[in-house]
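Engineer: Supplied in structure tokens, the structure appears directly below.
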Protein chains: 2
Amino acid sequence: MNEQQPSLAVSTVIFALRPDPVTGAATVWIPVVRRIREPYLGKWALPGGPLTMNESLASAASRTLEETTGLAPQFLEQLYAFGSVDRSPELRVVSIVYWALVQSVTADAVRDDENVTWLSTDDLPELAFDHNLIVDYALWRLRTKMEYSRIAQAFLGEDFTLAQLREVHEAVLQKPLDPANFRRMIEATKSIVATDRHVTGTRHRPARLYRYDTSLELADSGPLATHV
Amino acid sequence: MNEQQPSLAVSTVIFALRPDPVTGAATVWIPVVRRIREPYLGKWALPGGPLTMNESLASAASRTLEETTGLAPQFLEQLYAFGSVDRSPELRVVSIVYWALVQSVTADAVRDDENVTWLSTDDLPELAFDHNLIVDYALWRLRTKMEYSRIAQAFLGEDFTLAQLREVHEAVLQKPLDPANFRRMIEATKSIVATDRHVTGTRHRPARLYRYDTSLELADSGPLATHV
DNA sequence: ACAAAAGTGTTTTGTTTACACCCATGA
DNA sequence: TCATGGGTGTAAACAAAACACTTTTGT
């Protein structure tokens, strides 16, 4: 009864912060997987796969993310559905793309091998399909969303110092931030709670450790807030 | 070779401003179509239809929008992809939903009949599928986006007064705005240009007519700006 | 004591809000 | 000339940015 339909895939842009190999400064990286068939055989591509009948879109994103990188995201949100007719040669594929943030510690657990690697978003090669456009758009969303939400915390562990949180913002926004004003800005959002512990072993005044207030959402997604 | 896949549909939430039948104040309305088959037979639903092989997502949204209402939108943007496994009984359907703004004048051209009607978003009945959630989310996007972009102009014709533009904002945000501050706020965005003409026939000082600067986009969609 | 980053205080600048007041028209 | 909304001016309140300065640690 149905005409032939485009096939449906789910992909995910996964962001983590890692040190720049040259400068050592924190920068934004993504994991990619190698194409093991045509088209774009051998090229790097975003992790993803076809959508199966019994899983929701977000579940599919989580699953393919876990399968290819072993990671579980701190933050996962739908990015956009890409459906140009010519985005894949031969086949017609509509990709529903999610974007995710993972902690740098867990990101380090992902072993680079022949078929999976991390790439710096500062210096991306040509990816398969329209994945360069997708990553550009995901980066744009990451940067705009960082300015009005609390997603930066998804890059960090349970406890963190304000300097670490500021480093996240600086890495994503690619500009230095005044420590004093940053502190007040974050305190004004009331999104973090101070612990009574401090980091030790630095050769200067020890910084207080904070943790995020888990009773608050990382981002306001309106009526979709409690959805899967 | 492929497993069975969810089917793909495109739907659109179309907003227009129309006078409230009681108060006469401008309010937000959407057109809906009647379900002519199960499931949800007889219920109102968002205009939409299956995605065909040779059209992009936005084209499909425009097409179904035109087919069901005869309208052409001033503004069209992707809203979200809805894909819960249980959002349609029996069938598994993933809906990529767009939202659109149309001018009130063109909206009036749509004849209500047995199978198409306009509903006030202030007082929606129970719609088919998860369409109430979809409309809620579209309304949320409309309201948040109106505060930081120039989409309000898509509700109006070529020429308009600042009072008309303010009326759009007030209808969407559902709160009164100071005319003096509103004027300065709009002028600061530089998104409109003054004409040398004024409205006549009012029993007070005639208001200047403005038009929007067509060299600017209505909204910043980042790297997706020039896409179809 | 000194270097270095944590953390506080203060001044300046800019933006938003509230509201008083003048202007131009129809009746 | 009066009522009505169009349009301008201005001061208060608030928020953001810039930067001097004090605190607390390791060496």
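The way I read the labels, and the way they are meant: chains A, B, ... in the order of the structure tokens, residue 1 as the first residue of every chain, and ligand 1 as the first ligand shown, with later ones counted on from there.
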Can you list, as a ChimeraX atom specification, every protein, DNA or RNA residue that comes within 8 Å of range 158-170 of chain B when you count only C-alpha atoms (C1' of nucleotides), leaving out same-chain residues fewer than 3 positions away?

Structural biologist: /B:17,26,146,152-153,155,173-177,179,182-183,207-212

Engineer: Would you write out, as a tab-separated table, a table of all residues in chain B that have an atom no more than 12 Å from an atom of chain C, listing for each the closest atom pair and the distance in Å to one decimal, considering only C-alpha atoms (C1' of nucleotides) and ordering rows by chain and rising residue number?

Structural biologist:
residue	atom	partner	partner_atom	distance
B:Leu177	CA	C:DT17	C1'	10.8
B:Asp178	CA	C:DA18	C1'	9.0
B:Pro179	CA	C:DC19	C1'	11.5
B:Ala180	CA	C:DC19	C1'	10.0
B:Asn181	CA	C:DT17	C1'	8.1
B:Phe182	CA	C:DT17	C1'	11.0
B:Arg184	CA	C:DT16	C1'	10.9
B:Met185	CA	C:DT16	C1'	9.7
B:Ala188	CA	C:DT15	C1'	11.4
B:His198	CA	C:DT25	C1'	11.7
B:Val199	CA	C:DT25	C1'	11.0
B:Thr200	CA	C:DT25	C1'	8.9
B:Gly201	CA	C:DG26	C1'	7.8
B:Thr202	CA	C:DG26	C1'	7.1
B:Arg203	CA	C:DG26	C1'	4.3
B:His204	CA	C:DT25	C1'	4.4
B:Arg205	CA	C:DA24	C1'	4.3
B:Pro206	CA	C:DT25	C1'	6.6
B:Ala207	CA	C:DA24	C1'	9.7
B:Arg208	CA	C:DA24	C1'	11.9

Engineer: Which distance in Å separates CA of Pro89 in chain B and CA of Gly222 in chain A, to one decimal?

Structural biologist: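 About the pair CA of Pro89 in chain B and CA of Gly222 in chain A: they are 25.7 Å apart.
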
Engineer: Quick one: pull the distance between CA of Thr189 in chain A and CA of Arg150 in chain A, Å, one decimal.

Structural biologist: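 Separation of CA of Thr189 in chain A and CA of Arg150 in chain A: 8.7 Å.
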
Engineer: As a PyMOL selection string, please: every residue in range 6-151 of chain A that DSSP puts in strand (DSSP E).

Structural biologist: chain A and resi 7-19+26-34+44-45+48-50+75-82+93-101+116-120
